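The file final-v8.cif comes next; it holds mmCIF, C-alpha atoms.
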data_final
#
loop_
_atom_site.group_PDB
_atom_site.id
_atom_site.type_symbol
_atom_site.label_atom_id
_atom_site.label_comp_id
_atom_site.auth_asym_id
_atom_site.auth_seq_id
_atom_site.Cartn_x
_atom_site.Cartn_y
_atom_site.Cartn_z
ATOM 1 C CA MET A 533 168.484 177.255 1.794
ATOM 2 C CA ALA A 534 165.140 178.375 0.369
ATOM 3 C CA GLN A 535 163.109 175.721 -1.440
ATOM 4 C CA ALA A 536 162.747 176.339 -5.194
ATOM 5 C CA VAL A 537 159.232 177.279 -6.331
ATOM 6 C CA PRO A 538 157.920 174.585 -8.711
ATOM 7 C CA SER A 539 157.511 175.825 -12.291
ATOM 8 C CA GLU A 540 153.916 174.552 -12.530
ATOM 9 C CA TRP A 541 152.720 176.390 -9.402
ATOM 10 C CA GLN A 542 150.649 178.878 -11.454
ATOM 11 C CA TYR A 543 148.490 176.034 -12.862
ATOM 12 C CA VAL A 544 147.930 174.589 -9.376
ATOM 13 C CA ALA A 545 147.108 178.053 -8.011
ATOM 14 C CA GLY A 546 144.823 178.672 -11.008
ATOM 15 C CA ALA A 547 142.907 175.428 -10.452
ATOM 16 C CA TYR A 548 142.262 176.154 -6.767
ATOM 17 C CA LEU A 549 141.468 179.808 -7.486
ATOM 18 C CA VAL A 550 138.843 178.839 -10.076
ATOM 19 C CA VAL A 551 137.034 176.681 -7.513
ATOM 20 C CA PHE A 552 137.263 179.429 -4.875
ATOM 21 C CA VAL A 553 135.930 182.095 -7.268
ATOM 22 C CA ALA A 554 133.095 179.786 -8.387
ATOM 23 C CA VAL A 555 131.984 179.199 -4.787
ATOM 24 C CA LEU A 556 132.297 182.927 -4.038
ATOM 25 C CA ALA A 557 130.213 183.831 -7.109
ATOM 26 C CA TRP A 558 127.604 181.283 -6.093
ATOM 27 C CA VAL A 559 127.383 182.759 -2.569
ATOM 28 C CA ALA A 560 127.039 186.268 -4.077
ATOM 29 C CA ILE A 561 124.213 185.095 -6.369
ATOM 30 C CA ILE A 562 122.394 183.413 -3.484
ATOM 31 C CA ALA A 563 122.846 186.528 -1.296
ATOM 32 C CA ALA A 564 121.314 188.688 -4.059
ATOM 33 C CA LYS A 565 118.446 186.238 -4.433
ATOM 34 C CA LEU A 566 117.843 186.227 -0.685
ATOM 35 C CA GLN A 567 117.629 190.036 -0.701
ATOM 36 C CA ARG A 568 115.109 189.917 -3.568
ATOM 37 C CA LEU A 569 112.985 187.336 -1.746
ATOM 38 C CA GLN A 570 113.106 189.406 1.433
ATOM 39 C CA ARG A 571 111.935 192.496 -0.469
ATOM 40 C CA GLN A 572 109.146 190.585 -2.218
ATOM 41 C CA LEU A 573 107.991 189.086 1.070
ATOM 42 C CA GLY A 574 107.906 192.566 2.612
ATOM 43 C CA GLU A 575 105.756 193.828 -0.277
ATOM 44 C CA LEU A 576 103.343 190.925 0.122
ATOM 45 C CA VAL A 577 103.052 191.494 3.881
ATOM 46 C CA GLU A 578 102.234 195.166 3.168
ATOM 47 C CA LYS A 579 99.600 194.099 0.624
ATOM 48 C CA ALA A 580 98.048 191.631 3.084
ATOM 49 C CA ARG A 581 97.970 194.286 5.840
ATOM 50 C CA ASP A 582 96.227 196.769 3.501
ATOM 51 C CA ARG A 583 93.577 194.149 2.792
ATOM 52 C CA GLY A 584 93.035 192.996 6.310
ATOM 53 C CA MET B 141 123.909 175.811 9.245
ATOM 54 C CA LYS B 142 125.541 172.674 10.674
ATOM 55 C CA LEU B 143 126.097 171.386 7.151
ATOM 56 C CA ALA B 144 127.710 174.666 6.083
ATOM 57 C CA ALA B 145 130.012 174.535 9.135
ATOM 58 C CA LEU B 146 130.910 170.915 8.345
ATOM 59 C CA THR B 147 131.646 171.873 4.723
ATOM 60 C CA THR B 148 133.903 174.748 5.827
ATOM 61 C CA ALA B 149 135.754 172.486 8.285
ATOM 62 C CA LEU B 150 136.195 169.711 5.706
ATOM 63 C CA MET B 151 137.324 172.178 3.053
ATOM 64 C CA GLY B 152 139.887 173.700 5.419
ATOM 65 C CA ALA B 153 141.130 170.232 6.429
ATOM 66 C CA ALA B 154 141.356 169.166 2.782
ATOM 67 C CA LEU B 155 143.396 172.244 1.806
ATOM 68 C CA GLY B 156 145.706 171.721 4.788
ATOM 69 C CA LEU B 157 146.257 168.070 3.884
ATOM 70 C CA ILE B 158 146.774 168.816 0.183
ATOM 71 C CA PHE B 159 149.470 171.445 0.702
ATOM 72 C CA PHE B 160 151.101 170.396 4.003
ATOM 73 C CA TYR B 161 150.595 166.641 4.399
ATOM 74 C CA ALA B 162 150.348 164.862 1.037
ATOM 75 C CA PRO B 163 153.777 164.148 -0.476
ATOM 76 C CA THR B 164 154.761 165.553 -3.856
ATOM 77 C CA ASP B 165 154.150 162.913 -6.513
ATOM 78 C CA ALA B 166 157.392 161.396 -7.819
ATOM 79 C CA ASP B 167 156.053 161.089 -11.367
ATOM 80 C CA GLN B 168 153.993 164.269 -11.911
ATOM 81 C CA GLY B 169 155.532 166.591 -9.364
ATOM 82 C CA PHE B 170 153.744 169.594 -7.851
ATOM 83 C CA SER B 171 150.997 169.731 -10.519
ATOM 84 C CA GLN B 172 149.620 166.407 -9.216
ATOM 85 C CA ARG B 173 148.100 168.405 -6.329
ATOM 86 C CA ILE B 174 145.344 169.463 -8.750
ATOM 87 C CA PHE B 175 144.231 165.809 -8.593
ATOM 88 C CA TYR B 176 142.916 166.279 -5.015
ATOM 89 C CA PHE B 177 140.319 168.780 -6.218
ATOM 90 C CA HIS B 178 139.859 167.746 -9.848
ATOM 91 C CA VAL B 179 138.882 164.093 -9.255
ATOM 92 C CA PRO B 180 136.568 164.741 -6.249
ATOM 93 C CA ILE B 181 134.834 167.508 -8.262
ATOM 94 C CA ALA B 182 134.365 165.108 -11.209
ATOM 95 C CA LEU B 183 133.026 162.335 -8.933
ATOM 96 C CA THR B 184 130.710 164.842 -7.234
ATOM 97 C CA SER B 185 129.330 165.929 -10.602
ATOM 98 C CA TYR B 186 128.551 162.255 -11.341
ATOM 99 C CA ALA B 187 126.850 162.074 -7.925
ATOM 100 C CA CYS B 188 124.788 165.205 -8.754
ATOM 101 C CA PHE B 189 123.645 163.781 -12.097
ATOM 102 C CA GLY B 190 122.905 160.424 -10.460
ATOM 103 C CA TRP B 191 120.890 162.138 -7.700
ATOM 104 C CA GLY B 192 119.068 164.194 -10.332
ATOM 105 C CA ALA B 193 118.186 161.013 -12.242
ATOM 106 C CA TRP B 194 116.970 159.314 -9.060
ATOM 107 C CA LYS B 195 114.698 162.280 -8.315
ATOM 108 C CA ALA B 196 113.525 162.246 -11.947
ATOM 109 C CA LEU B 197 112.586 158.590 -11.571
ATOM 110 C CA ARG B 198 110.720 159.436 -8.373
ATOM 111 C CA TYR B 199 108.847 162.180 -10.222
ATOM 112 C CA LEU B 200 107.803 159.788 -12.991
ATOM 113 C CA ARG B 201 106.540 157.296 -10.423
ATOM 114 C CA THR B 202 104.766 159.660 -8.024
ATOM 115 C CA ARG B 203 104.184 162.862 -10.101
ATOM 116 C CA ASP B 204 105.328 164.797 -7.040
ATOM 117 C CA GLU B 205 106.324 168.352 -8.079
ATOM 118 C CA ARG B 206 108.926 168.480 -5.307
ATOM 119 C CA ALA B 207 110.848 165.610 -6.938
ATOM 120 C CA ASP B 208 110.911 167.535 -10.238
ATOM 121 C CA LEU B 209 112.372 170.602 -8.507
ATOM 122 C CA GLU B 210 114.915 168.446 -6.642
ATOM 123 C CA SER B 211 115.973 166.778 -9.896
ATOM 124 C CA TYR B 212 116.397 170.188 -11.570
ATOM 125 C CA VAL B 213 118.499 171.595 -8.693
ATOM 126 C CA ALA B 214 120.726 168.471 -8.582
ATOM 127 C CA ILE B 215 121.378 168.706 -12.332
ATOM 128 C CA HIS B 216 122.076 172.432 -12.018
ATOM 129 C CA GLN B 217 124.678 171.669 -9.344
ATOM 130 C CA GLY B 218 126.056 168.857 -11.520
ATOM 131 C CA VAL B 219 126.604 171.262 -14.399
ATOM 132 C CA ILE B 220 128.471 173.683 -12.098
ATOM 133 C CA PHE B 221 130.701 170.856 -10.811
ATOM 134 C CA GLY B 222 131.078 169.605 -14.394
ATOM 135 C CA ALA B 223 132.302 173.004 -15.587
ATOM 136 C CA LEU B 224 134.799 173.073 -12.702
ATOM 137 C CA THR B 225 135.975 169.558 -13.661
ATOM 138 C CA LEU B 226 136.667 170.699 -17.218
ATOM 139 C CA ILE B 227 138.494 173.872 -16.116
ATOM 140 C CA THR B 228 140.650 172.209 -13.422
ATOM 141 C CA GLY B 229 141.321 169.260 -15.764
ATOM 142 C CA SER B 230 142.395 171.620 -18.512
ATOM 143 C CA LEU B 231 144.816 173.374 -16.154
ATOM 144 C CA TRP B 232 146.217 170.017 -15.027
ATOM 145 C CA ALA B 233 146.571 168.889 -18.658
ATOM 146 C CA LYS B 234 148.522 172.045 -19.500
ATOM 147 C CA ALA B 235 150.831 171.529 -16.514
ATOM 148 C CA SER B 236 151.338 167.778 -17.145
ATOM 149 C CA TRP B 237 150.977 167.228 -20.893
ATOM 150 C CA GLY B 238 151.705 170.740 -22.161
ATOM 151 C CA VAL B 239 148.295 171.111 -23.849
ATOM 152 C CA TRP B 240 144.987 172.565 -22.616
ATOM 153 C CA TRP B 241 142.901 169.895 -24.310
ATOM 154 C CA THR B 242 143.336 166.794 -26.465
ATOM 155 C CA TRP B 243 140.579 165.312 -28.618
ATOM 156 C CA GLY B 244 142.336 161.929 -28.692
ATOM 157 C CA GLU B 245 141.490 161.128 -25.072
ATOM 158 C CA ASP B 246 138.214 159.207 -24.655
ATOM 159 C CA GLN B 247 137.836 160.225 -20.998
ATOM 160 C CA LEU B 248 138.025 163.944 -21.775
ATOM 161 C CA VAL B 249 135.727 163.812 -24.786
ATOM 162 C CA LEU B 250 133.142 161.636 -23.025
ATOM 163 C CA PHE B 251 133.071 163.932 -20.019
ATOM 164 C CA LEU B 252 132.563 166.888 -22.372
ATOM 165 C CA VAL B 253 129.696 165.007 -24.063
ATOM 166 C CA LEU B 254 128.136 164.305 -20.654
ATOM 167 C CA PHE B 255 128.529 167.974 -19.654
ATOM 168 C CA LEU B 256 127.006 169.265 -22.913
ATOM 169 C CA PHE B 257 124.179 166.736 -22.643
ATOM 170 C CA TYR B 258 123.213 168.155 -19.259
ATOM 171 C CA CYS B 259 123.665 171.745 -20.506
ATOM 172 C CA ALA B 260 121.044 170.918 -23.147
ATOM 173 C CA TYR B 261 118.725 169.802 -20.290
ATOM 174 C CA PHE B 262 118.196 173.493 -19.446
ATOM 175 C CA MET B 263 117.435 174.370 -23.068
ATOM 176 C CA LEU B 264 114.780 171.664 -23.109
ATOM 177 C CA ARG B 265 113.373 172.619 -19.707
ATOM 178 C CA PHE B 266 113.064 176.328 -20.429
ATOM 179 C CA SER B 267 111.670 175.864 -23.922
ATOM 180 C CA VAL B 268 108.497 174.269 -22.515
ATOM 181 C CA GLU B 269 105.828 175.982 -20.398
ATOM 182 C CA ALA B 270 105.944 175.071 -16.704
ATOM 183 C CA GLY B 271 103.667 172.166 -15.868
ATOM 184 C CA VAL B 272 103.301 168.403 -16.040
ATOM 185 C CA GLN B 273 104.578 168.162 -19.621
ATOM 186 C CA ARG B 274 107.775 170.062 -18.832
ATOM 187 C CA ALA B 275 108.424 168.063 -15.676
ATOM 188 C CA SER B 276 107.881 164.732 -17.488
ATOM 189 C CA MET B 277 110.106 165.667 -20.437
ATOM 190 C CA SER B 278 112.852 166.894 -18.086
ATOM 191 C CA ALA B 279 112.647 163.722 -16.003
ATOM 192 C CA VAL B 280 112.947 161.428 -19.033
ATOM 193 C CA TYR B 281 115.902 163.476 -20.329
ATOM 194 C CA ALA B 282 117.642 163.341 -16.933
ATOM 195 C CA LEU B 283 117.226 159.556 -16.874
ATOM 196 C CA PHE B 284 118.732 159.172 -20.357
ATOM 197 C CA GLY B 285 121.774 161.191 -19.313
ATOM 198 C CA VAL B 286 122.589 158.949 -16.379
ATOM 199 C CA VAL B 287 123.521 156.172 -18.837
ATOM 200 C CA LEU B 288 126.503 158.287 -19.896
ATOM 201 C CA ILE B 289 127.957 158.293 -16.358
ATOM 202 C CA PRO B 290 129.279 154.683 -16.287
ATOM 203 C CA VAL B 291 130.418 155.077 -19.908
ATOM 204 C CA SER B 292 132.384 158.209 -18.978
ATOM 205 C CA PHE B 293 133.797 156.572 -15.833
ATOM 206 C CA LEU B 294 134.816 153.359 -17.599
ATOM 207 C CA ALA B 295 136.132 155.022 -20.755
ATOM 208 C CA ILE B 296 139.513 155.639 -19.196
ATOM 209 C CA ARG B 297 139.806 151.983 -18.242
ATOM 210 C CA LEU B 298 138.708 150.754 -21.671
ATOM 211 C CA SER B 299 140.879 153.232 -23.555
ATOM 212 C CA LYS B 300 144.081 151.866 -25.087
ATOM 213 C CA LYS B 301 146.005 155.129 -24.883
ATOM 214 C CA PHE B 302 146.222 155.752 -21.135
ATOM 215 C CA ILE B 303 147.650 159.279 -21.351
ATOM 216 C CA HIS B 304 145.097 160.232 -18.714
ATOM 217 C CA PRO B 305 146.374 158.738 -15.419
ATOM 218 C CA VAL B 306 144.484 155.735 -13.988
ATOM 219 C CA VAL B 307 144.423 155.911 -10.208
ATOM 220 C CA PHE B 308 141.611 153.525 -9.289
ATOM 221 C CA THR B 309 142.093 150.083 -10.807
ATOM 222 C CA SER B 310 140.716 146.647 -9.926
ATOM 223 C CA HIS B 311 143.703 146.320 -7.542
ATOM 224 C CA GLY B 312 142.565 149.373 -5.530
ATOM 225 C CA PRO B 313 143.876 152.959 -5.416
ATOM 226 C CA GLN B 314 147.347 153.294 -6.964
ATOM 227 C CA MET B 315 148.729 155.851 -4.503
ATOM 228 C CA ALA B 316 150.339 156.135 -1.071
ATOM 229 C CA HIS B 317 148.152 155.918 2.056
ATOM 230 C CA SER B 318 148.724 159.597 2.853
ATOM 231 C CA GLN B 319 147.662 160.552 -0.681
ATOM 232 C CA PHE B 320 144.575 158.336 -0.494
ATOM 233 C CA PHE B 321 143.592 159.782 2.894
ATOM 234 C CA THR B 322 143.966 163.332 1.519
ATOM 235 C CA PHE B 323 141.894 162.370 -1.506
ATOM 236 C CA CYS B 324 139.122 160.927 0.718
ATOM 237 C CA VAL B 325 138.951 164.097 2.845
ATOM 238 C CA ALA B 326 138.857 166.273 -0.302
ATOM 239 C CA TRP B 327 136.066 164.123 -1.745
ATOM 240 C CA ALA B 328 134.090 164.333 1.517
ATOM 241 C CA ALA B 329 134.544 168.137 1.389
ATOM 242 C CA MET B 330 133.211 168.270 -2.183
ATOM 243 C CA LEU B 331 130.214 166.085 -1.336
ATOM 244 C CA ALA B 332 129.481 168.293 1.682
ATOM 245 C CA LEU B 333 129.779 171.363 -0.566
ATOM 246 C CA PHE B 334 127.295 169.830 -2.980
ATOM 247 C CA ALA B 335 124.895 168.990 -0.135
ATOM 248 C CA THR B 336 125.114 172.573 1.186
ATOM 249 C CA LEU B 337 124.637 174.233 -2.204
ATOM 250 C CA TYR B 338 121.827 171.814 -3.047
ATOM 251 C CA ARG B 339 119.924 172.525 0.154
ATOM 252 C CA VAL B 340 120.342 176.303 -0.056
ATOM 253 C CA GLU B 341 119.343 176.464 -3.739
ATOM 254 C CA LEU B 342 116.380 174.176 -3.132
ATOM 255 C CA ALA B 343 115.209 176.291 -0.181
ATOM 256 C CA GLY B 344 115.487 179.444 -2.333
ATOM 257 C CA LYS B 345 113.485 177.881 -5.154
ATOM 258 C CA ARG B 346 110.794 176.648 -2.758
ATOM 259 C CA ILE B 347 110.438 180.084 -1.122
ATOM 260 C CA ASP B 348 110.255 181.607 -4.606
ATOM 261 C CA GLY B 349 107.418 179.213 -5.459
ATOM 262 C CA HIS B 350 105.519 179.969 -2.245
ATOM 263 C CA LEU B 351 105.865 183.731 -2.817
ATOM 264 C CA ARG B 352 104.516 183.358 -6.364
ATOM 265 C CA GLU B 353 101.549 181.432 -4.992
ATOM 266 C CA LEU B 354 100.958 184.049 -2.301
ATOM 267 C CA ARG B 355 101.142 186.860 -4.880
ATOM 268 C CA GLU B 356 98.497 185.117 -6.997
ATOM 269 C CA LEU B 357 96.250 184.681 -3.965
ATOM 270 C CA LEU B 358 96.561 188.340 -2.981
ATOM 271 C CA SER B 359 96.081 189.785 -6.487
#
In structure tokens, how does this file's structure come out?
Amino acid sequence: MAQAVPSEWQYVAGAYLVVFVAVLAWVAIIAAKLQRLQRQLGELVEKARDRG
Amino acid sequence: MKLAALTTALMGAALGLIFFYAPTDADQGFSQRIFYFHVPIALTSYACFGWGAWKALRYLRTRDERADLESYVAIHQGVIFGALTLITGSLWAKASWGVWWTWGEDQLVLFLVLFLFYCAYFMLRFSVEAGVQRASMSAVYALFGVVLIPVSFLAIRLSKKFIHPVVFTSHGPQMAHSQFFTFCVAWAAMLALFATLYRVELAGKRIDGHLRELRELLS
């Protein structure tokens, strides 16, 4: 016999989903920041090469 | 990298234990499983604010700019964990009590006060020009906030209402061994998550600072 799904499952799922989405958003923000830093570093290396 | 791998492993273990090992609570039923994330997140946010205050104290003693940045990053992480505490707590309240929020609960209100206090930290920090004055003001503010942590933690024990469940009393944890073990793994996972996020954010901020310095030198 299949086990009945608890009525409050959506709140439990919601709570765990919120944490998962928050961590995912944080990783996305850090990835975007890393790309920006990489680009800026590349620009500075170019600038330094032009000087030297 | 090792820390990130450890965090992933702990998080996976915690989720496995929560949904396949820990028994369903006889009193609260399935919704009690929110406890295994909600309480560790709340305790981790206290740890973040405490770490931020410790770094603030170090800044005031040594005037080391690195301590100021570390304090800022720890408080930033604390606010993220604090927001997650409020959201997961609200979902648990709706499942258990039938309401999203209740103003009559000291624990909830005090945690909200603590959260808003640290949200205001950013308003203060970004309203002052970067420099010694900003770092000193931020450090003093971070130290004031840490006083609210024991008040928030003890409020539930001093409260006369006790709608909010009390799990840790002077007689130890009021739960089965399997539940306590699951809770400990989940808490370790949250602390590892904090350590990972803290280190990555700090590294990003430091690189940002070095690039700014380099740009000034080259211009």
For the structure provided, state which residues fall under the PyMOL selection byres ((chain A) within 7 of (chain B)), and present them as JSON, numbers by chain. {"A": [538, 540, 541, 543, 544, 547, 551, 569, 573, 576]}
Using Å and a single decimal, report how far atom CA of Leu150 of chain B sits from atom CA of Ala329 of chain B. 4.9 Å
Box for segment 573-578 of chain A - axis-aligned, 3 Å on each of the six sides, all listed atoms - centre and size in Å to one decimal, as AutoDock Vina command-line options.
--center_x 105.1 --center_y 192.1 --center_z 1.8 --size_x 11.8 --size_y 12.1 --size_z 10.2
Can you measure atom CA of Thr322 of chain B to atom CA of Met151 of chain B for me? One decimal in Å is fine. 11.2 Å
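Omitting segment 195-198 of chain B and its sequence neighbours fewer than 2 positions away, and counting only C-alpha atoms, the residues within 10 Å are B:Phe189, B:Gly190, B:Trp191, B:Gly192, B:Ala193, B:Leu200, B:Arg201, B:Thr202, B:Arg203, B:Asp204, B:Glu205, B:Arg206, B:Ala207, B:Asp208, B:Leu209, B:Glu210, B:Ser211, B:Tyr212, B:Ala214, B:Ala275, B:Ser276, B:Met277, B:Ser278, B:Ala279, B:Val280, B:Tyr281, B:Ala282, B:Leu283.
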For Val249 of chain B, please output as a PyMOL selection string all residues within 12 Å (counting only C-alpha atoms; exclusion window: fewer than 2 positions along the same chain). chain B and resi 226+229+241-247+251-256+288+291-293+295-296+299+304
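Separating atom CA of Pro180 of chain B from atom CA of Ala154 of chain B is a distance of 11.1 Å.
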Evaluate the PyMOL selection byres ((chain B and resi 218) around 8) and report residues as a CSV table (one decimal) with C-alpha atoms, keeping the file's coordinate frame:
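Result file selection-v2.csv:
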chain,number,residue,atom,x,y,z
B,184,THR,CA,130.7,164.8,-7.2
B,185,SER,CA,129.3,165.9,-10.6
B,186,TYR,CA,128.6,162.3,-11.3
B,187,ALA,CA,126.8,162.1,-7.9
B,188,CYS,CA,124.8,165.2,-8.8
B,189,PHE,CA,123.6,163.8,-12.1
B,214,ALA,CA,120.7,168.5,-8.6
B,215,ILE,CA,121.4,168.7,-12.3
B,216,HIS,CA,122.1,172.4,-12.0
B,217,GLN,CA,124.7,171.7,-9.3
B,219,VAL,CA,126.6,171.3,-14.4
B,220,ILE,CA,128.5,173.7,-12.1
B,221,PHE,CA,130.7,170.9,-10.8
B,222,GLY,CA,131.1,169.6,-14.4
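Across B:Ala166, B:Ala328, B:Tyr161, B:Tyr176, the tightest approach to Tyr548 of chain A is made by B:Tyr176 when counting all atoms listed in the file.
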Counting only C-alpha atoms, what is within 8 Å of Thr336 of chain B, bar same-chain residues fewer than 2 positions away, as a list in words? Leu143, Ala144, Thr147, Ala332, Leu333, Phe334, Tyr338, Arg339 and Val340 of chain B
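Nearest to Ala162 of chain B of all the residues B:Phe321, B:Trp194, B:Phe262, B:Tyr199 is B:Phe321, based on only C-alpha atoms.
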Using all atoms listed in the file, find the one residue out of B:Met330, B:Gly349, B:Glu356, B:Asp165 that sits nearest to Val555 of chain A. B:Met330
